Number of protein chains: 2
Amino acid sequence: LPTVGVIGAGQLARMMQPAAVALGIRLVLLAESADASAAQVIPDTTVGDYTDLATLQAFAARCDVVTFDHEHVPTAHLEVLARSVQVRPGPQALVCAQDKVVMRRRLSSAGLPCPRWRSAESAADVVDFAADAGWPVIAKTPRGGYDGKGVALLADPAEAAAAFQRWGAPLLLEEAIAFTRELAAVVARSPSGQAVAYPVVETVQRDGICAEVVMPAPIADEHALAAQSIALQVAAELDVVGVLAVELFDTADGVVVNELAMRPHNSGHWSIEGAITGQFEQHLRAVCDLPLGAPDPVADTAVMVNVLGGCADIAAQYRSVMAHDPGARIHWYGKEPRPGRKVGHVTVLGADREVCAERARYVASRLAGAADG
Amino acid sequence: LPTVGVIGAGQLARMMQPAAVALGIRLVLLAESADASAAQVIPDTTVGDYTDLATLQAFAARCDVVTFDHEHVPTAHLEVLARSVQVRPGPQALVCAQDKVVMRRRLSSAGLPCPRWRSAESAADVVDFAADAGWPVIAKTPRGGYDGKGVALLADPAEAAAAFQRWGAPLLLEEAIAFTRELAAVVARSPSGQAVAYPVVETVQRDGICAEVVMPAPIADEHALAAQSIALQVAAELDVVGVLAVELFDTADGVVVNELAMRPHNSGHWSIEGAITGQFEQHLRAVCDLPLGAPDPVADTAVMVNVLGGCADIAAQYRSVMAHDPGARIHWYGKEPRPGRKVGHVTVLGADREVCAERARYVASRLAGAADG
């Protein structure tokens with residue numbers, strides 16, 4: 001079996017390890033620090049800077065395949081690596097998850113549904129765009145944004161000017177979509193082109209951070225099928241290898257692509273217990289060019305709630321919540337508690353969406369440090 | 001959360017790692033070799049001899065709790081360790097899984113159903129025993145046997161004499177039970193006495209090695225309830241902490257205890273995907289004195305088939321069997337293939353027992369190196 005190098009030691013790399021243990025796949029990790037989330041659980045860990053080409057090359061020399069916990073490795077470096085090792089997803093796919101302007105250009109030219117958008121160099125461009133798309137306008141830094149960072153809602157020309165002052169140019173402008181809910185369609189694709197689609201989920205964001213995920217999304221079948229079909233098209237169009245998460249807006253008129261992530265994604269965590277093949281195993285199968293596993297759900301409903309912040313005495317909270325709900329599936333990432341930080345998640349499977357959601361919310365809130373009652 | 005030391009680096013320790021990763025529990029491992037199954041996947045691994053007290057003490061000094069992959073640590077050493085660290089299960093419980101004569105004595109005095117048995121010093125004792133229990137007689141070495149090793153069926157006094165010549169005295173004698181099938185009842189118990197029982201399974205042995213496990217066992221409810229009740233009584237009676245597997249014979253007259261294992265057990269592997277809380281997470285919860293998880297199955301039926309032997313080119317077999325059955329759950333232990341060795345297992349969940357069994361058998365046989373067709 002190939003040795004799989006993972007660049008980045010966050011919780012996504014960490015959650016690849018149980019899947020790798022099961023299949024007997026050896027992971028090697030390039031970690032940002034020795035105590036990072038994934039570095040705690042993967043024996044063969046190197047601490048190094050993923051923006052340094054020599055570090056990346058030395059790391060890749062020990063791997064058959066290189067994949068990622070995040071999308072921050074410079075594209076030019078990946079192009080160099082790809083000459084000597086399998087980089088999955090490849091640099092030309094990954095750039096669409098790194099650069100939102102490139103993403104919009106590629107998706108639009110493939111005819112996939114996007115909000116109105118343009119790349120803007122100045123506040124004057126924003127005023128032009130708003131004349132057509134209306135105020136407010138969404139502005140995003142093309143690179144580096146996540147969890148609501150690097151995104152602003154511009155109400156008028158003054159705010160537009162402030163955004164360029166803060167972030168510089170260019171910025172990606174998008175029309176503010178009147179959506180009814182946010183969705184995610186997670187798919188996986190192998191080098192040979194085999195692809196599978198998970199059930200479409202609803203993602204509930206708070207302050208720009210994913211708070212909850214509900215499987216399946218409570219939407220009309222046509223919208224779910226459209227979302228899956230778009231995600232499969234994106235995967236094929238961009239030649240993605242591995243898991244791809246397509247975040248979408250659901251609107252009265254159909255679904256529209258919001259963002260892409262080319263790796264296991266928060267919106268797919270429910271699948272660890274909730275699907276026959278979890279997204280982390282699926283990602284490993286894909287990047288190892290093994291046949292993909294069945295993505296079918298094993299329960300009617302799954303609700304995943306993130307633990308944001310975290311409490312000081314996790315053992316005490318475990319004693320409380322595990323006694324309260326022996327059926328909740330708890331995941332803890334080994335990260336220092338910090339306000340708003342994703343430090344774990346809780347999944348509850350069952351028949352009734354509201355029951356699952358209330359159970360998962362309660363356990364997650366206690367693990368986040370909320371008081372009893 | 002406590003740091004959990006695991007003594008022994010076989011596949012049972014290996015399969016604790018995914019559960020530990022999920023809950024954020026840190027494992028440290030005392031391994032027999034640096035490339036042992038669990039040593040491949042647990043970063044904090046020490047190679048050392050578990051029969052050496054100083055090695056054990058140095059290891060235990062780094063742990064809050066010590067638990068086990070196997071039952072071979074000398075009881076006297078465990079008594080010493082227990083003065084400075086939590087040893088779970090404790091030495092006085094564990095001795096009943098180490099010494100089959102001690103086990104029979106404890107279970108008989110607790111009134112739990114056992115075959116007729118005695119400890120024998122000579123072939124004359126066997127003849128005596130057979131006068132009452134009939135030939136053939138089962139003889140077992142009190143310590144060290146597993147997977148059919150250290151067990152013999154004695155047909156006559158000459159074979160009895162040969163057994164003592166081979167193994168020395170004492171030997172445990174047991175009547176040969178006319179059983180209809182073999183069962184296992186897996187339970188878990190915490191230091192506070194909380195206990196949970198998994199559904200009773202049927203175990204199918206070939207050449208003394210577990211080949212298949214079927215959940216639930218196809219037996220009458222009263223027999224299943226009796227088996228669970230016996231296992232819970234054994235756990236309480238012996239003050240077991242952690243997972244306890246009680247192997248039983250099912251007979252026309254009821255169930256009879258065959259053997260005990262005080263750790264996650266081959267008969268519980270189905271629970272990794274097949275129960276809300278898998279046996280490895282359950283074991284960690286118990287030894288960490290956390291509330292136990294729900295043991296309920298998530299499917300009507302689960303069939304687990306061991307991969308015995310193993311093939312040279314696992315990647316090629318993965319490509320074949322994963323394409324053939326994308327819903328089979330494959331576990332690979334990272335062990336060198338060797339005839340008869342347990343190198344992995346396959347679990348299939350579903351509604352129909354025979355369908356699950358055929359699917360799991362096919363995948364397992366291919367992974368074991370069987371040719372196509």
# chains A, B, ... in the order shown; residues from 1 in each chain; ligands from 1

call {"tool": "residues_around", "arguments": {"residues": "Thr251 (chain B)", "least_positions_apart": "4", "cutoff": "7 Å", "atoms": "only C-alpha atoms", "output": "list in words"}}
result
Ala178, Phe179, Thr180 and Val255 of chain B

call {"tool": "residues_around", "arguments": {"residues": "Thr67 (chain B)", "least_positions_apart": "2", "cutoff": "12 Å", "atoms": "only C-alpha atoms", "output": "tab-separated table (two decimals) with all heavy atoms, in the first residue's frame"}}
result
chain	number	residue	atom	x	y	z
B	3	THR	N	-3.78	9.43	31.01
B	3	THR	CA	-2.91	8.79	30.03
B	3	THR	C	-3.00	7.29	30.25
B	3	THR	O	-2.80	6.80	31.37
B	3	THR	CB	-1.46	9.27	30.21
B	3	THR	OG1	-1.40	10.66	29.91
B	3	THR	CG2	-0.50	8.51	29.30
B	4	VAL	N	-3.32	6.57	29.18
B	4	VAL	CA	-3.57	5.13	29.29
B	4	VAL	C	-2.38	4.37	28.72
B	4	VAL	O	-2.05	4.51	27.54
B	4	VAL	CB	-4.86	4.73	28.55
B	4	VAL	CG1	-5.06	3.21	28.60
B	4	VAL	CG2	-6.06	5.45	29.15
B	5	GLY	N	-1.74	3.57	29.57
B	5	GLY	CA	-0.67	2.70	29.11
B	5	GLY	C	-1.24	1.37	28.67
B	5	GLY	O	-2.06	0.78	29.37
B	6	VAL	N	-0.80	0.90	27.52
B	6	VAL	CA	-1.25	-0.40	27.01
B	6	VAL	C	-0.04	-1.31	26.93
B	6	VAL	O	0.96	-0.97	26.30
B	6	VAL	CB	-1.90	-0.27	25.62
B	6	VAL	CG1	-2.44	-1.62	25.16
B	6	VAL	CG2	-3.03	0.77	25.65
B	7	ILE	N	-0.14	-2.46	27.58
B	7	ILE	CA	0.95	-3.44	27.55
B	7	ILE	C	0.63	-4.48	26.49
B	7	ILE	O	-0.39	-5.17	26.58
B	7	ILE	CB	1.14	-4.09	28.94
B	7	ILE	CG1	1.53	-3.02	29.96
B	7	ILE	CG2	2.20	-5.20	28.86
B	7	ILE	CD1	1.68	-3.53	31.38
B	8	GLY	N	1.51	-4.55	25.50
B	8	GLY	CA	1.28	-5.48	24.39
B	8	GLY	C	0.87	-4.72	23.16
B	8	GLY	O	0.01	-3.83	23.23
B	9	ALA	N	1.47	-5.05	22.01
B	9	ALA	CA	1.30	-4.25	20.80
B	9	ALA	C	0.69	-5.04	19.65
B	9	ALA	O	1.02	-4.82	18.49
B	9	ALA	CB	2.65	-3.66	20.39
B	12	LEU	N	-5.13	-5.82	19.09
B	12	LEU	CA	-6.11	-5.26	20.03
B	12	LEU	C	-5.66	-3.88	20.49
B	12	LEU	O	-6.45	-2.94	20.55
B	12	LEU	CB	-6.34	-6.21	21.20
B	12	LEU	CG	-6.82	-7.61	20.81
B	12	LEU	CD1	-6.97	-8.48	22.04
B	12	LEU	CD2	-8.13	-7.56	20.02
B	13	ALA	N	-4.39	-3.75	20.82
B	13	ALA	CA	-3.86	-2.43	21.17
B	13	ALA	C	-3.97	-1.49	19.98
B	13	ALA	O	-4.32	-0.32	20.12
B	13	ALA	CB	-2.41	-2.55	21.62
B	16	MET	N	-7.32	-0.02	19.66
B	16	MET	CA	-7.67	0.99	20.66
B	16	MET	C	-7.33	2.40	20.17
B	16	MET	O	-7.91	3.37	20.64
B	16	MET	CB	-6.90	0.72	21.97
B	16	MET	CG	-7.35	-0.52	22.72
B	16	MET	SD	-6.38	-0.74	24.25
B	16	MET	CE	-6.68	-2.50	24.56
B	27	LEU	N	-2.63	7.46	24.42
B	27	LEU	CA	-2.15	6.11	24.68
B	27	LEU	C	-0.63	6.11	24.70
B	27	LEU	O	0.00	6.80	23.89
B	27	LEU	CB	-2.61	5.12	23.60
B	27	LEU	CG	-4.11	4.90	23.42
B	27	LEU	CD1	-4.33	3.80	22.38
B	27	LEU	CD2	-4.79	4.54	24.73
B	28	VAL	N	-0.04	5.34	25.62
B	28	VAL	CA	1.38	5.04	25.54
B	28	VAL	C	1.49	3.52	25.54
B	28	VAL	O	0.69	2.82	26.18
B	28	VAL	CB	2.21	5.68	26.68
B	28	VAL	CG1	2.01	7.18	26.70
B	28	VAL	CG2	1.86	5.08	28.02
B	29	LEU	N	2.43	3.01	24.78
B	29	LEU	CA	2.46	1.59	24.46
B	29	LEU	C	3.76	0.96	24.91
B	29	LEU	O	4.84	1.51	24.67
B	29	LEU	CB	2.31	1.44	22.94
B	29	LEU	CG	2.24	0.02	22.38
B	29	LEU	CD1	0.93	-0.64	22.78
B	29	LEU	CD2	2.36	0.05	20.86
B	30	LEU	N	3.64	-0.20	25.54
B	30	LEU	CA	4.81	-1.04	25.79
B	30	LEU	C	4.75	-2.18	24.78
B	30	LEU	O	3.89	-3.06	24.87
B	30	LEU	CB	4.82	-1.59	27.22
B	30	LEU	CG	6.05	-2.43	27.58
B	30	LEU	CD1	7.33	-1.62	27.50
B	30	LEU	CD2	5.90	-3.05	28.98
B	56	LEU	N	8.43	-2.75	33.42
B	56	LEU	CA	7.03	-2.43	33.68
B	56	LEU	C	6.90	-1.20	34.58
B	56	LEU	O	6.04	-0.35	34.35
B	56	LEU	CB	6.33	-3.63	34.35
B	56	LEU	CG	6.12	-4.85	33.46
B	56	LEU	CD1	5.67	-6.05	34.33
B	56	LEU	CD2	5.07	-4.58	32.38
B	59	PHE	N	7.66	1.97	32.74
B	59	PHE	CA	6.54	2.26	31.84
B	59	PHE	C	5.35	2.82	32.62
B	59	PHE	O	4.77	3.85	32.26
B	59	PHE	CB	6.15	0.97	31.11
B	59	PHE	CG	4.95	1.10	30.22
B	59	PHE	CD1	5.03	1.81	29.02
B	59	PHE	CD2	3.73	0.53	30.58
B	59	PHE	CE1	3.91	1.94	28.21
B	59	PHE	CE2	2.62	0.65	29.76
B	59	PHE	CZ	2.71	1.36	28.57
B	60	ALA	N	5.00	2.16	33.70
B	60	ALA	CA	3.81	2.56	34.47
B	60	ALA	C	3.97	3.95	35.07
B	60	ALA	O	2.97	4.65	35.30
B	60	ALA	CB	3.53	1.52	35.57
B	63	CYS	N	2.15	6.58	33.22
B	63	CYS	CA	0.73	6.36	32.93
B	63	CYS	C	-0.13	6.68	34.16
B	63	CYS	O	0.32	6.56	35.29
B	63	CYS	CB	0.47	4.90	32.56
B	63	CYS	SG	1.58	4.25	31.30
B	64	ASP	N	-1.39	7.04	33.90
B	64	ASP	CA	-2.37	7.12	34.97
B	64	ASP	C	-3.08	5.78	35.15
B	64	ASP	O	-3.53	5.45	36.24
B	64	ASP	CB	-3.40	8.20	34.65
B	64	ASP	CG	-2.76	9.57	34.49
B	64	ASP	OD1	-2.07	10.00	35.43
B	64	ASP	OD2	-2.93	10.19	33.42
B	65	VAL	N	-3.25	5.06	34.07
B	65	VAL	CA	-3.94	3.78	34.06
B	65	VAL	C	-3.13	2.84	33.17
B	65	VAL	O	-2.61	3.27	32.15
B	65	VAL	CB	-5.35	3.90	33.43
B	65	VAL	CG1	-6.10	2.58	33.54
B	65	VAL	CG2	-6.14	5.04	34.02
B	69	ASP	N	-3.19	-5.55	26.09
B	69	ASP	CA	-3.49	-6.18	24.81
B	69	ASP	C	-3.62	-7.69	24.98
B	69	ASP	O	-4.24	-8.37	24.17
B	69	ASP	CB	-2.35	-5.85	23.84
B	69	ASP	CG	-2.41	-6.60	22.54
B	69	ASP	OD1	-3.17	-6.18	21.65
B	69	ASP	OD2	-1.70	-7.62	22.40
B	70	HIS	N	-3.02	-8.23	26.04
B	70	HIS	CA	-2.99	-9.68	26.27
B	70	HIS	C	-2.92	-9.94	27.77
B	70	HIS	O	-2.78	-9.00	28.56
B	70	HIS	CB	-1.81	-10.33	25.56
B	70	HIS	CG	-0.47	-9.78	25.97
B	70	HIS	ND1	0.04	-9.94	27.24
B	70	HIS	CD2	0.44	-9.04	25.29
B	70	HIS	CE1	1.21	-9.34	27.32
B	70	HIS	NE2	1.48	-8.78	26.15
B	71	GLU	N	-3.01	-11.21	28.14
B	71	GLU	CA	-3.07	-11.56	29.57
B	71	GLU	C	-1.78	-12.18	30.09
B	71	GLU	O	-1.79	-12.92	31.07
B	71	GLU	CB	-4.23	-12.55	29.81
B	71	GLU	CG	-5.60	-11.93	29.68
B	71	GLU	CD	-6.38	-12.47	28.50
B	71	GLU	OE1	-5.79	-13.17	27.65
B	71	GLU	OE2	-7.60	-12.20	28.44
B	72	HIS	N	-0.64	-11.87	29.49
B	72	HIS	CA	0.56	-12.63	29.80
B	72	HIS	C	1.50	-11.95	30.79
B	72	HIS	O	2.59	-12.48	31.07
B	72	HIS	CB	1.33	-12.96	28.51
B	72	HIS	CG	0.47	-13.66	27.49
B	72	HIS	ND1	-0.44	-14.63	27.84
B	72	HIS	CD2	0.36	-13.50	26.15
B	72	HIS	CE1	-1.07	-15.05	26.75
B	72	HIS	NE2	-0.61	-14.38	25.72
B	73	VAL	N	1.12	-10.80	31.33
B	73	VAL	CA	2.00	-10.16	32.32
B	73	VAL	C	1.90	-10.93	33.63
B	73	VAL	O	0.79	-11.23	34.09
B	73	VAL	CB	1.60	-8.68	32.54
B	73	VAL	CG1	2.56	-8.02	33.53
B	73	VAL	CG2	1.58	-7.93	31.21
B	78	LEU	N	2.09	-7.47	38.37
B	78	LEU	CA	0.92	-6.58	38.36
B	78	LEU	C	0.57	-6.13	39.78
B	78	LEU	O	0.16	-4.99	39.99
B	78	LEU	CB	-0.27	-7.29	37.71
B	78	LEU	CG	-0.09	-7.60	36.23
B	78	LEU	CD1	-1.30	-8.36	35.70
B	78	LEU	CD2	0.12	-6.31	35.43
B	81	LEU	N	2.85	-3.28	40.48
B	81	LEU	CA	2.44	-2.07	39.74
B	81	LEU	C	1.21	-1.43	40.37
B	81	LEU	O	1.10	-0.20	40.42
B	81	LEU	CB	2.11	-2.41	38.28
B	81	LEU	CG	3.23	-2.87	37.36
B	81	LEU	CD1	2.71	-2.95	35.93
B	81	LEU	CD2	4.42	-1.93	37.43
B	82	ALA	N	0.29	-2.27	40.83
B	82	ALA	CA	-0.99	-1.77	41.33
B	82	ALA	C	-0.83	-0.90	42.57
B	82	ALA	O	-1.76	-0.20	42.96
B	82	ALA	CB	-1.94	-2.94	41.61
B	85	VAL	N	-0.10	2.65	40.43
B	85	VAL	CA	-0.85	3.09	39.25
B	85	VAL	C	-2.13	2.25	39.20
B	85	VAL	O	-2.19	1.15	39.76
B	85	VAL	CB	0.00	2.91	37.97
B	85	VAL	CG1	0.21	1.45	37.62
B	85	VAL	CG2	-0.58	3.65	36.77
B	86	GLN	N	-3.16	2.79	38.56
B	86	GLN	CA	-4.38	2.01	38.36
B	86	GLN	C	-4.08	0.91	37.35
B	86	GLN	O	-3.70	1.21	36.21
B	86	GLN	CB	-5.51	2.89	37.83
B	86	GLN	CG	-5.94	4.00	38.77
B	86	GLN	CD	-6.69	3.48	39.99
B	86	GLN	OE1	-7.03	2.29	40.06
B	86	GLN	NE2	-6.93	4.36	40.95
B	87	VAL	N	-4.25	-0.35	37.73
B	87	VAL	CA	-4.10	-1.47	36.82
B	87	VAL	C	-5.51	-2.00	36.54
B	87	VAL	O	-6.20	-2.44	37.46
B	87	VAL	CB	-3.21	-2.57	37.42
B	87	VAL	CG1	-3.15	-3.78	36.49
B	87	VAL	CG2	-1.81	-2.03	37.68
B	88	ARG	N	-5.93	-1.90	35.28
B	88	ARG	CA	-7.32	-2.25	34.95
B	88	ARG	C	-7.36	-3.13	33.72
B	88	ARG	O	-6.94	-2.68	32.66
B	88	ARG	CB	-8.13	-0.96	34.73
B	88	ARG	CG	-8.31	-0.21	36.04
B	88	ARG	CD	-8.97	1.12	35.86
B	88	ARG	NE	-9.28	1.70	37.17
B	88	ARG	CZ	-9.56	2.98	37.37
B	88	ARG	NH1	-9.57	3.82	36.36
B	88	ARG	NH2	-9.84	3.44	38.58
B	89	PRO	N	-7.89	-4.36	33.81
B	89	PRO	CA	-8.42	-4.97	35.02
B	89	PRO	C	-7.30	-5.23	36.03
B	89	PRO	O	-6.14	-5.35	35.66
B	89	PRO	CB	-9.03	-6.28	34.51
B	89	PRO	CG	-8.28	-6.59	33.26
B	89	PRO	CD	-7.99	-5.25	32.65
B	90	GLY	N	-7.69	-5.34	37.31
B	90	GLY	CA	-6.72	-5.55	38.37
B	90	GLY	C	-6.16	-6.96	38.39
B	90	GLY	O	-6.73	-7.88	37.78
B	91	PRO	N	-5.04	-7.16	39.07
B	91	PRO	CA	-4.37	-8.46	39.08
B	91	PRO	C	-5.27	-9.60	39.55
B	91	PRO	O	-5.20	-10.70	38.99
B	91	PRO	CB	-3.21	-8.26	40.07
B	91	PRO	CG	-3.02	-6.79	40.18
B	91	PRO	CD	-4.30	-6.12	39.84
B	94	LEU	N	-7.55	-10.32	36.68
B	94	LEU	CA	-6.83	-10.79	35.51
B	94	LEU	C	-6.32	-12.22	35.68
B	94	LEU	O	-6.23	-12.98	34.70
B	94	LEU	CB	-5.66	-9.84	35.21
B	94	LEU	CG	-5.13	-9.84	33.79
B	94	LEU	CD1	-6.21	-9.43	32.79
B	94	LEU	CD2	-3.94	-8.92	33.67
B	240	VAL	N	-14.08	-7.15	37.48
B	240	VAL	CA	-13.42	-6.81	36.22
B	240	VAL	C	-13.63	-5.32	35.90
B	240	VAL	O	-14.73	-4.81	36.08
B	240	VAL	CB	-14.00	-7.66	35.06
B	240	VAL	CG1	-13.39	-7.24	33.72
B	240	VAL	CG2	-13.75	-9.15	35.32
B	241	VAL	N	-12.60	-4.66	35.43
B	241	VAL	CA	-12.74	-3.31	34.87
B	241	VAL	C	-12.25	-3.37	33.43
B	241	VAL	O	-11.12	-3.80	33.17
B	241	VAL	CB	-11.94	-2.27	35.67
B	241	VAL	CG1	-11.98	-0.91	34.98
B	241	VAL	CG2	-12.49	-2.16	37.08
B	242	GLY	N	-13.13	-2.93	32.51
B	242	GLY	CA	-12.80	-2.98	31.09
B	242	GLY	C	-13.74	-3.95	30.40
B	242	GLY	O	-14.79	-4.31	30.94
B	243	VAL	N	-13.34	-4.35	29.20
B	243	VAL	CA	-14.16	-5.30	28.45
B	243	VAL	C	-13.84	-6.71	28.93
B	243	VAL	O	-12.67	-7.06	29.16
B	243	VAL	CB	-13.92	-5.16	26.94
B	243	VAL	CG1	-14.48	-6.35	26.17
B	243	VAL	CG2	-14.55	-3.87	26.42
B	262	MET	N	-10.13	-10.87	29.35
B	262	MET	CA	-10.39	-9.57	29.99
B	262	MET	C	-9.72	-8.45	29.22
B	262	MET	O	-8.73	-7.86	29.64
B	262	MET	CB	-9.89	-9.60	31.43
B	262	MET	CG	-10.84	-10.36	32.31
B	262	MET	SD	-10.31	-10.38	33.99
B	262	MET	CE	-11.13	-11.89	34.53
B	263	ARG	N	-10.30	-8.18	28.07
B	263	ARG	CA	-9.78	-7.16	27.15
B	263	ARG	C	-10.74	-7.20	25.97
B	263	ARG	O	-11.56	-8.12	25.87
B	263	ARG	CB	-8.37	-7.53	26.70
B	263	ARG	CG	-8.28	-9.00	26.33
B	263	ARG	CD	-7.01	-9.40	25.65
B	263	ARG	NE	-6.93	-10.85	25.50
B	263	ARG	CZ	-7.62	-11.59	24.63
B	263	ARG	NH1	-8.49	-11.02	23.80
B	263	ARG	NH2	-7.47	-12.90	24.57
B	264	PRO	N	-10.65	-6.23	25.06
B	264	PRO	CA	-11.43	-6.37	23.83
B	264	PRO	C	-11.09	-7.71	23.18
B	264	PRO	O	-9.97	-8.21	23.32
B	264	PRO	CB	-10.96	-5.18	22.98
B	264	PRO	CG	-10.52	-4.15	23.99
B	264	PRO	CD	-9.89	-4.96	25.10
B	280	PHE	N	-13.68	-1.19	21.60
B	280	PHE	CA	-12.40	-0.55	21.94
B	280	PHE	C	-12.64	0.78	22.65
B	280	PHE	O	-11.96	1.10	23.63
B	280	PHE	CB	-11.52	-0.41	20.69
B	280	PHE	CG	-11.13	-1.74	20.13
B	280	PHE	CD1	-11.85	-2.34	19.10
B	280	PHE	CD2	-10.07	-2.44	20.68
B	280	PHE	CE1	-11.50	-3.59	18.61
B	280	PHE	CE2	-9.72	-3.70	20.21
B	280	PHE	CZ	-10.44	-4.28	19.17
B	283	HIS	N	-13.84	-0.14	26.12
B	283	HIS	CA	-12.74	-0.52	27.02
B	283	HIS	C	-12.04	0.72	27.56
B	283	HIS	O	-11.77	0.82	28.76
B	283	HIS	CB	-11.76	-1.43	26.28
B	283	HIS	CG	-10.71	-2.03	27.16
B	283	HIS	ND1	-10.98	-3.03	28.06
B	283	HIS	CD2	-9.39	-1.74	27.30
B	283	HIS	CE1	-9.86	-3.34	28.72
B	283	HIS	NE2	-8.88	-2.57	28.28
B	284	LEU	N	-11.77	1.69	26.68
B	284	LEU	CA	-11.10	2.92	27.13
B	284	LEU	C	-11.98	3.69	28.10
B	284	LEU	O	-11.50	4.20	29.12
B	284	LEU	CB	-10.73	3.79	25.93
B	284	LEU	CG	-9.62	3.23	25.04
B	284	LEU	CD1	-9.39	4.16	23.85
B	284	LEU	CD2	-8.33	3.04	25.83
B	285	ARG	N	-13.29	3.78	27.80
B	285	ARG	CA	-14.18	4.46	28.74
B	285	ARG	C	-14.10	3.79	30.11
B	285	ARG	O	-14.01	4.45	31.15
B	285	ARG	CB	-15.62	4.43	28.25
B	285	ARG	CG	-15.90	5.35	27.07
B	285	ARG	CD	-17.41	5.34	26.79
B	285	ARG	NE	-17.78	6.11	25.62
B	285	ARG	CZ	-18.86	6.90	25.55
B	285	ARG	NH1	-19.69	7.00	26.59
B	285	ARG	NH2	-19.15	7.55	24.45
B	286	ALA	N	-14.15	2.46	30.11
B	286	ALA	CA	-14.17	1.73	31.39
B	286	ALA	C	-12.87	1.93	32.15
B	286	ALA	O	-12.91	2.27	33.35
B	286	ALA	CB	-14.42	0.24	31.13
B	287	VAL	N	-11.74	1.76	31.51
B	287	VAL	CA	-10.48	1.85	32.27
B	287	VAL	C	-10.18	3.29	32.67
B	287	VAL	O	-9.43	3.53	33.62
B	287	VAL	CB	-9.27	1.21	31.52
B	287	VAL	CG1	-9.57	-0.25	31.19
B	287	VAL	CG2	-8.86	1.99	30.29
B	288	CYS	N	-10.78	4.26	31.96
B	288	CYS	CA	-10.63	5.68	32.36
B	288	CYS	C	-11.71	6.10	33.35
B	288	CYS	O	-11.79	7.29	33.69
B	288	CYS	CB	-10.68	6.58	31.13
B	288	CYS	SG	-9.26	6.39	30.05

call {"tool": "closest_atom_pairs", "arguments": {"of": "chain B", "to": "chain A", "cutoff": "8 Å", "atoms": "only C-alpha atoms", "output": "tab-separated table"}}
result
residue	atom	partner	partner_atom	distance
B:Leu1	CA	A:Ala315	CA	5.2
B:Arg14	CA	A:Val21	CA	7.6
B:Met15	CA	A:Val21	CA	7.6
B:Gln17	CA	A:Pro18	CA	7.2
B:Pro18	CA	A:Pro18	CA	4.4
B:Ala19	CA	A:Pro18	CA	7.8
B:Val21	CA	A:Val41	CA	6.7
B:Ala22	CA	A:His331	CA	4.6
B:Leu23	CA	A:Trp332	CA	5.2
B:Gly24	CA	A:Trp332	CA	5.0
B:Gln40	CA	A:Pro43	CA	7.2
B:Val41	CA	A:Pro43	CA	6.1
B:Ile42	CA	A:Pro43	CA	6.0
B:Pro43	CA	A:Pro43	CA	3.9
B:Asp44	CA	A:Pro43	CA	7.5
B:Glu273	CA	A:Glu273	CA	7.6
B:Ile276	CA	A:Gly327	CA	6.3
B:Thr277	CA	A:Gly327	CA	7.3
B:Leu290	CA	A:Arg319	CA	5.5
B:Pro291	CA	A:Ala323	CA	5.2
B:Leu292	CA	A:Pro326	CA	6.6
B:Gly293	CA	A:Pro326	CA	4.4
B:Ala294	CA	A:Pro326	CA	5.1
B:Val298	CA	A:Val298	CA	7.9
B:Ile314	CA	A:Leu1	CA	6.9
B:Ala315	CA	A:Leu1	CA	5.2
B:Tyr318	CA	A:Leu290	CA	7.0
B:Arg319	CA	A:Leu290	CA	5.5
B:Met322	CA	A:Pro291	CA	5.5
B:Ala323	CA	A:Pro291	CA	5.2
B:Pro326	CA	A:Gly293	CA	4.4
B:Gly327	CA	A:Ala294	CA	5.2
B:Ile330	CA	A:Leu23	CA	6.3
B:His331	CA	A:Ala22	CA	4.6
B:Trp332	CA	A:Gly24	CA	5.0
B:Tyr333	CA	A:Gly24	CA	6.1
B:Gly334	CA	A:Gly24	CA	5.6

call {"tool": "residues_around", "arguments": {"residues": "region 233-236 of chain A", "least_positions_apart": "4", "cutoff": "8 Å", "atoms": "only C-alpha atoms", "output": "PyMOL selection string"}}
result
chain A and resi 107+187-189+193+229+240-241+244

call {"tool": "closest_residue", "arguments": {"among": "A:Ile230, A:Ala224, A:Ala36, A:Ile138", "to": "Ala152 (chain A)", "atoms": "only C-alpha atoms"}}
result
A:Ile138

call {"tool": "select_by_dssp", "arguments": {"residues": "region 91-312 of chain B", "states": "strand (DSSP E or B)", "output": "MDAnalysis selection string"}}
result
chainID B and resid 117:120 137:140 151:154 171:175 181:189 195:197 201:206 209:215 242:251 254:261 275 297 301:308

call {"tool": "atom_distance", "arguments": {"atom1": "CA of Ser365 (chain A)", "atom2": "CA of Leu183 (chain A)"}}
result
22.9 Å

call {"tool": "atom_distance", "arguments": {"atom1": "CA of Ala93 (chain B)", "atom2": "CA of Met215 (chain B)"}}
result
27.0 Å
